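Raw contents of run-v9.cif, mmCIF, C-alpha atoms:
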data_run
#
loop_
_atom_site.group_PDB
_atom_site.id
_atom_site.type_symbol
_atom_site.label_atom_id
_atom_site.label_comp_id
_atom_site.auth_asym_id
_atom_site.auth_seq_id
_atom_site.Cartn_x
_atom_site.Cartn_y
_atom_site.Cartn_z
ATOM 1 C CA MET A 1151 66.548 166.905 86.831
ATOM 2 C CA PHE A 1152 65.068 167.810 90.241
ATOM 3 C CA GLY A 1153 68.589 168.733 91.370
ATOM 4 C CA PHE A 1154 69.975 165.180 91.224
ATOM 5 C CA THR A 1155 73.413 164.243 89.904
ATOM 6 C CA GLU A 1156 73.862 162.299 86.677
ATOM 7 C CA LYS A 1157 74.639 159.151 88.666
ATOM 8 C CA GLU A 1158 71.476 159.527 90.746
ATOM 9 C CA ILE A 1159 69.400 160.186 87.622
ATOM 10 C CA GLU A 1160 70.725 156.980 86.044
ATOM 11 C CA ILE A 1161 69.497 155.028 89.058
ATOM 12 C CA PHE A 1162 66.026 156.539 88.900
ATOM 13 C CA LYS A 1163 65.716 156.126 85.138
ATOM 14 C CA ALA A 1164 66.463 152.404 85.484
ATOM 15 C CA LEU A 1165 63.652 152.034 88.037
ATOM 16 C CA ASN A 1166 60.970 152.361 85.372
ATOM 17 C CA THR A 1167 58.258 150.128 86.870
ATOM 18 C CA PRO A 1168 56.758 149.845 90.352
ATOM 19 C CA LYS A 1169 58.033 146.266 90.532
ATOM 20 C CA LYS A 1170 61.611 147.373 89.877
ATOM 21 C CA ILE A 1171 61.274 150.134 92.446
ATOM 22 C CA GLN A 1172 60.011 147.671 95.053
ATOM 23 C CA ASP A 1173 62.882 145.282 94.338
ATOM 24 C CA PHE A 1174 65.357 148.159 94.692
ATOM 25 C CA ILE A 1175 63.778 149.317 97.950
ATOM 26 C CA ASN A 1176 63.931 145.771 99.329
ATOM 27 C CA GLU A 1177 67.694 145.645 98.728
ATOM 28 C CA ILE A 1178 68.306 148.713 100.891
ATOM 29 C CA PRO A 1179 69.106 147.722 104.506
ATOM 30 C CA VAL A 1180 66.662 148.854 107.157
ATOM 31 C CA ASN A 1181 67.592 152.062 108.926
ATOM 32 C CA TYR A 1182 67.759 151.180 112.623
ATOM 33 C CA GLU A 1183 68.699 154.815 113.343
ATOM 34 C CA PRO A 1184 71.767 153.983 115.495
ATOM 35 C CA ASP A 1185 72.593 157.646 116.065
ATOM 36 C CA GLY A 1186 69.041 158.862 116.688
ATOM 37 C CA ASP A 1187 65.810 159.343 114.758
ATOM 38 C CA THR A 1188 66.122 160.315 111.106
ATOM 39 C CA VAL A 1189 64.019 161.270 108.121
ATOM 40 C CA LEU A 1190 66.558 160.961 105.329
ATOM 41 C CA SER A 1191 65.818 162.518 101.952
ATOM 42 C CA PRO A 1192 65.906 160.263 98.866
ATOM 43 C CA ARG A 1193 69.399 161.547 98.070
ATOM 44 C CA MET A 1194 70.660 160.666 101.534
ATOM 45 C CA VAL A 1195 69.013 157.235 101.413
ATOM 46 C CA LEU A 1196 70.976 156.502 98.242
ATOM 47 C CA LYS A 1197 74.159 157.857 99.815
ATOM 48 C CA GLU A 1198 73.857 156.078 103.168
ATOM 49 C CA ASN A 1199 72.133 152.945 101.830
ATOM 50 C CA ARG A 1200 69.589 152.657 104.631
ATOM 51 C CA ALA A 1201 65.900 153.432 104.993
ATOM 52 C CA HIS A 1202 62.880 152.965 107.220
ATOM 53 C CA CYS A 1203 59.298 153.091 105.920
ATOM 54 C CA MET A 1204 59.001 156.883 105.617
ATOM 55 C CA GLU A 1205 62.384 157.181 103.931
ATOM 56 C CA GLY A 1206 61.643 154.286 101.606
ATOM 57 C CA ALA A 1207 58.284 155.801 100.708
ATOM 58 C CA MET A 1208 59.871 159.105 99.717
ATOM 59 C CA LEU A 1209 62.530 157.339 97.640
ATOM 60 C CA ALA A 1210 59.887 155.260 95.867
ATOM 61 C CA ALA A 1211 57.755 158.353 95.220
ATOM 62 C CA THR A 1212 60.781 160.080 93.698
ATOM 63 C CA ALA A 1213 61.485 157.131 91.423
ATOM 64 C CA LEU A 1214 57.864 157.050 90.256
ATOM 65 C CA ARG A 1215 58.027 160.769 89.561
ATOM 66 C CA PHE A 1216 60.852 160.242 87.074
ATOM 67 C CA HIS A 1217 58.442 158.153 85.012
ATOM 68 C CA GLY A 1218 55.449 160.431 84.954
ATOM 69 C CA HIS A 1219 53.672 159.482 88.162
ATOM 70 C CA ARG A 1220 52.753 161.959 90.874
ATOM 71 C CA PRO A 1221 54.840 161.376 94.054
ATOM 72 C CA LEU A 1222 51.999 160.149 96.256
ATOM 73 C CA VAL A 1223 52.138 158.632 99.730
ATOM 74 C CA VAL A 1224 49.461 157.396 102.123
ATOM 75 C CA ASP A 1225 49.747 157.291 105.904
ATOM 76 C CA LEU A 1226 48.284 154.236 107.647
ATOM 77 C CA ALA A 1227 47.569 155.268 111.225
ATOM 78 C CA THR A 1228 47.396 152.982 114.246
ATOM 79 C CA VAL A 1229 46.731 152.960 117.976
ATOM 80 C CA LYS A 1230 49.156 154.745 120.293
ATOM 81 C CA ASP A 1231 51.273 151.688 121.168
ATOM 82 C CA ASP A 1232 51.966 150.797 117.532
ATOM 83 C CA ASP A 1233 53.660 152.634 114.678
ATOM 84 C CA ASP A 1234 52.107 154.259 111.630
ATOM 85 C CA HIS A 1235 53.196 152.920 108.255
ATOM 86 C CA VAL A 1236 53.694 155.060 105.154
ATOM 87 C CA ILE A 1237 53.286 153.594 101.670
ATOM 88 C CA THR A 1238 53.855 154.981 98.180
ATOM 89 C CA VAL A 1239 50.784 154.598 95.995
ATOM 90 C CA PHE A 1240 50.475 154.469 92.224
ATOM 91 C CA LYS A 1241 47.832 153.762 89.597
ATOM 92 C CA GLN A 1242 47.929 151.286 86.728
ATOM 93 C CA ASN A 1243 44.914 150.564 84.528
ATOM 94 C CA ASN A 1244 42.796 152.735 86.826
ATOM 95 C CA HIS A 1245 43.605 150.606 89.882
ATOM 96 C CA TRP A 1246 45.728 151.423 92.908
ATOM 97 C CA GLY A 1247 48.820 149.594 94.098
ATOM 98 C CA ALA A 1248 51.505 150.333 96.696
ATOM 99 C CA ILE A 1249 55.255 150.187 97.218
ATOM 100 C CA SER A 1250 56.274 149.601 100.816
ATOM 101 C CA LYS A 1251 59.533 149.544 102.771
ATOM 102 C CA THR A 1252 59.232 147.252 105.772
ATOM 103 C CA ASN A 1253 61.501 144.909 107.691
ATOM 104 C CA HIS A 1254 58.750 142.376 108.295
ATOM 105 C CA ALA A 1255 57.082 139.624 106.307
ATOM 106 C CA VAL A 1256 53.847 141.620 106.115
ATOM 107 C CA LEU A 1257 52.749 145.176 105.203
ATOM 108 C CA ARG A 1258 54.595 144.861 101.910
ATOM 109 C CA TYR A 1259 54.020 145.560 98.178
ATOM 110 C CA ARG A 1260 50.457 145.606 96.863
ATOM 111 C CA GLU A 1261 49.605 144.765 93.281
ATOM 112 C CA PRO A 1262 47.631 147.474 91.426
ATOM 113 C CA VAL A 1263 44.284 145.687 91.691
ATOM 114 C CA TYR A 1264 42.431 147.919 94.160
ATOM 115 C CA ARG A 1265 39.620 150.167 92.961
ATOM 116 C CA SER A 1266 40.000 152.780 95.683
ATOM 117 C CA ILE A 1267 42.416 153.997 98.346
ATOM 118 C CA ARG A 1268 40.094 152.543 100.968
ATOM 119 C CA GLU A 1269 40.288 149.104 99.347
ATOM 120 C CA LEU A 1270 44.065 149.395 99.238
ATOM 121 C CA ALA A 1271 44.320 150.521 102.862
ATOM 122 C CA MET A 1272 41.990 147.749 104.020
ATOM 123 C CA SER A 1273 44.243 145.163 102.380
ATOM 124 C CA TYR A 1274 46.688 145.917 105.215
ATOM 125 C CA PHE A 1275 44.138 145.584 108.010
ATOM 126 C CA HIS A 1276 44.258 141.884 108.848
ATOM 127 C CA GLU A 1277 48.043 141.620 109.084
ATOM 128 C CA TYR A 1278 48.519 144.917 110.915
ATOM 129 C CA PHE A 1279 48.891 143.705 114.510
ATOM 130 C CA THR A 1280 51.302 143.923 117.431
ATOM 131 C CA ASN A 1281 53.379 140.772 117.863
ATOM 132 C CA HIS A 1282 53.474 140.869 121.655
ATOM 133 C CA ASP A 1283 49.701 140.584 122.070
ATOM 134 C CA GLY A 1284 48.208 139.967 118.612
ATOM 135 C CA LYS A 1285 45.923 143.016 118.704
ATOM 136 C CA LYS A 1286 44.900 144.374 115.313
ATOM 137 C CA THR A 1287 45.855 148.045 115.352
ATOM 138 C CA LEU A 1288 45.128 149.765 112.023
ATOM 139 C CA ARG A 1289 42.548 152.492 112.610
ATOM 140 C CA SER A 1290 42.618 155.047 109.802
ATOM 141 C CA TYR A 1291 44.275 156.142 106.580
ATOM 142 C CA SER A 1292 44.974 159.391 104.770
ATOM 143 C CA MET A 1293 44.089 160.095 101.188
ATOM 144 C CA PRO A 1294 47.111 160.322 98.858
ATOM 145 C CA ILE A 1295 49.445 163.196 99.679
ATOM 146 C CA ASP A 1296 51.426 164.702 96.799
ATOM 147 C CA LEU A 1297 54.975 165.259 98.038
ATOM 148 C CA SER A 1298 55.593 167.849 95.319
ATOM 149 C CA ARG A 1299 54.048 170.310 97.807
ATOM 150 C CA PHE A 1300 57.474 170.220 99.494
ATOM 151 C CA ASP A 1301 59.516 170.929 96.358
ATOM 152 C CA LYS A 1302 60.450 174.438 97.488
ATOM 153 C CA LYS A 1303 61.984 172.931 100.631
ATOM 154 C CA GLY A 1304 64.089 170.504 98.597
ATOM 155 C CA TRP A 1305 62.712 167.308 100.151
ATOM 156 C CA MET A 1306 64.250 165.047 97.491
ATOM 157 C CA THR A 1307 67.864 166.223 97.773
ATOM 158 C CA ALA A 1308 68.206 167.773 101.244
ATOM 159 C CA LYS A 1309 71.276 166.878 103.284
ATOM 160 C CA GLU A 1310 69.379 167.569 106.508
ATOM 161 C CA ASN A 1311 66.523 165.481 107.911
ATOM 162 C CA VAL A 1312 63.201 166.359 106.286
ATOM 163 C CA TRP A 1313 61.069 166.175 109.425
ATOM 164 C CA TYR A 1314 58.444 168.434 107.888
ATOM 165 C CA VAL A 1315 57.222 165.604 105.667
ATOM 166 C CA PRO A 1316 56.062 163.128 108.363
ATOM 167 C CA GLU A 1317 54.984 166.023 110.559
ATOM 168 C CA TYR A 1318 52.617 167.117 107.797
ATOM 169 C CA LEU A 1319 51.323 163.570 107.295
ATOM 170 C CA PHE A 1320 50.284 163.435 110.947
ATOM 171 C CA THR A 1321 48.178 166.588 110.579
ATOM 172 C CA VAL A 1322 46.155 165.763 107.464
ATOM 173 C CA PRO A 1323 42.638 164.338 107.844
ATOM 174 C CA HIS A 1324 42.463 160.572 108.180
ATOM 175 C CA ARG A 1325 39.479 158.385 107.402
ATOM 176 C CA GLN A 1326 38.416 156.078 110.198
ATOM 177 C CA ILE A 1327 37.899 152.439 109.240
ATOM 178 C CA LEU A 1328 36.305 151.047 112.420
ATOM 179 C CA SER A 1329 33.513 151.935 114.813
ATOM 180 C CA ARG A 1330 33.876 151.433 118.565
ATOM 181 C CA SER A 1331 31.633 148.385 118.410
ATOM 182 C CA GLN A 1332 33.764 146.860 115.657
ATOM 183 C CA ILE A 1333 36.939 147.497 117.651
ATOM 184 C CA ALA A 1334 35.398 145.760 120.672
ATOM 185 C CA LEU A 1335 34.696 142.641 118.591
ATOM 186 C CA LEU A 1336 38.125 142.310 116.957
ATOM 187 C CA ARG A 1337 39.778 138.906 117.256
ATOM 188 C CA LYS A 1338 43.494 138.694 118.010
ATOM 189 C CA ALA A 1339 45.933 137.303 115.474
ATOM 190 C CA ASP A 1340 46.559 133.568 115.797
ATOM 191 C CA PRO A 1341 49.802 132.403 117.455
ATOM 192 C CA ILE A 1342 51.134 131.172 114.111
ATOM 193 C CA GLU A 1343 50.442 134.596 112.565
ATOM 194 C CA ARG A 1344 52.287 136.281 115.421
ATOM 195 C CA LYS A 1345 55.194 133.902 114.930
ATOM 196 C CA ALA A 1346 55.301 134.776 111.225
ATOM 197 C CA GLY A 1347 55.193 138.441 112.204
ATOM 198 C CA GLU A 1348 58.517 138.018 114.006
ATOM 199 C CA ILE A 1349 60.336 137.256 110.754
ATOM 200 C CA ILE A 1350 62.539 140.156 109.718
ATOM 201 C CA GLU A 1351 64.451 140.830 106.513
ATOM 202 C CA TRP A 1352 67.346 142.830 107.977
ATOM 203 C CA LYS A 1353 68.964 142.208 111.353
ATOM 204 C CA LYS A 1354 70.590 144.929 113.445
ATOM 205 C CA ASN A 1355 74.241 145.618 112.715
ATOM 206 C CA LEU A 1356 74.093 143.462 109.560
ATOM 207 C CA LYS A 1357 76.988 144.532 107.339
#
Could I get this structure in the form of structure tokens?
Amino acid sequence: MFGFTEKEIEIFKALNTPKKIQDFINEIPVNYEPDGDTVLSPRMVLKENRAHCMEGAMLAATALRFHGHRPLVVDLATVKDDDDHVITVFKQNNHWGAISKTNHAVLRYREPVYRSIRELAMSYFHEYFTNHDGKKTLRSYSMPIDLSRFDKKGWMTAKENVWYVPEYLFTVPHRQILSRSQIALLRKADPIERKAGEIIEWKKNLK
């Protein structure tokens, strides 16, 4: 199925709920990209046992696909001195939820309780800030992008980096969530929030 081996298929078949997928994604060490930037395919994430947010999102989307969901991701876009975050979105009982690979205590899994993609994206707004200065940085979000558009390129099983996926995400229209006047009035995160934001799940060089 989809070009995966029997062993890989067994893994995906066992991940039959978003909760199980999130737990599985959490157990994969963070990809610190020691040899340079990567965009590993789901197959290579399983092989190398490492992933950053984009790689985790693609793996989660693949797992959902095995169980009848469309492989959908959403790009959360920020200011220039912060990083975008990519989440895998799914629907249960007509409400949206998200699976998220992150190394921090925030920007994580979202229960499927949101009525729209905007509601879901906005649930990340308050805790999306830079630790060094506490500035809230989330500015826009994409609508769900179906990764099956890349099937002909073999995005799920490629041995090479699949740069074309994030490159496409950067080009799609994004919906702005703040006006200039709202940005000017934003309050910085509290010191205790910034301290909590320094908590990480995986340390560098952790074996």
>> As a check of understanding, name the residues that the PyMOL selection byres ((chain A and resi 1241-1248) around 9) selects in the supplied structure, as a ChimeraX atom specification.
In response: /A:1168,1219,1223,1237-1240,1249-1250,1258-1267,1269-1270
>> At a cut-off of 12 Å, using all atoms listed in the file, what residues contact Ala1164 of chain A? Leave out same-chain residues fewer than 6 positions from it and give the result as an MDAnalysis selection string.
In response: chainID A and resid 1157:1158 1170:1171 1173:1174 1213:1214 1216:1217
> Which neighbours of Arg1215 of chain A fall inside 12 Å, counting all atoms listed in the file, when residues of the same chain fewer than 2 positions from it are skipped, and could you give them as a ChimeraX atom specification?
Replying inline: /A:1151-1152,1159,1162-1163,1165-1168,1171,1208-1213,1217-1223,1238-1240,1296-1298,1306
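Every protein, DNA or RNA residue with an atom at most 10 Å from Cys1203 of chain A, where all atoms listed in the file count and chain neighbours fewer than 2 positions away do not, is listed here: Ile1175, Val1180, Asn1181, Val1189, Ala1201, Glu1205, Gly1206, Ala1207, Met1208, Leu1209, Asp1234, His1235, Val1236, Ile1237, Thr1238, Ser1250, Lys1251, Thr1252 and Asn1253 of chain A.
When the PyMOL selection byres ((chain A and resi 1194) around 10) is evaluated against the file, it yields Val1189, Leu1190, Ser1191, Pro1192, Arg1193, Val1195, Leu1196, Lys1197, Glu1198, Asn1199, Arg1200, Ala1201, Glu1205, Leu1209, Met1306, Thr1307, Ala1308, Lys1309, Glu1310 and Asn1311 of chain A.
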>> Give me the residues near Trp1352 of chain A as a count of residues only, where near means some atom within 10 Å (using all atoms listed in the file) and where sequence neighbours in that chain fewer than 3 positions away do not count.
In response: 14
> Quick one, how far is atom CA of Phe1275 of chain A from atom CA of Asp1187 of chain A?
Replying inline: 26.5 Å
> Which distance in Å separates atom CA of Leu1226 of chain A and atom CA of His1324 of chain A, to one decimal?
Replying inline: 8.6 Å
> What does the distance between atom CA of Asn1281 of chain A and atom CA of Asp1231 of chain A come to in Å, to one decimal place?
Replying inline: 11.6 Å
> For the file shown, what are the residues hit by the PyMOL selection byres ((chain A and resi 1326) around 7), laid out as a PyMOL selection string?
Replying inline: chain A and resi 1289-1291+1324-1325+1327-1328
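Closest approach to Glu1183 of chain A from the set A:Lys1286, A:His1202, A:Lys1303, A:Arg1268 is made by A:His1202, with distances taken over only C-alpha atoms.
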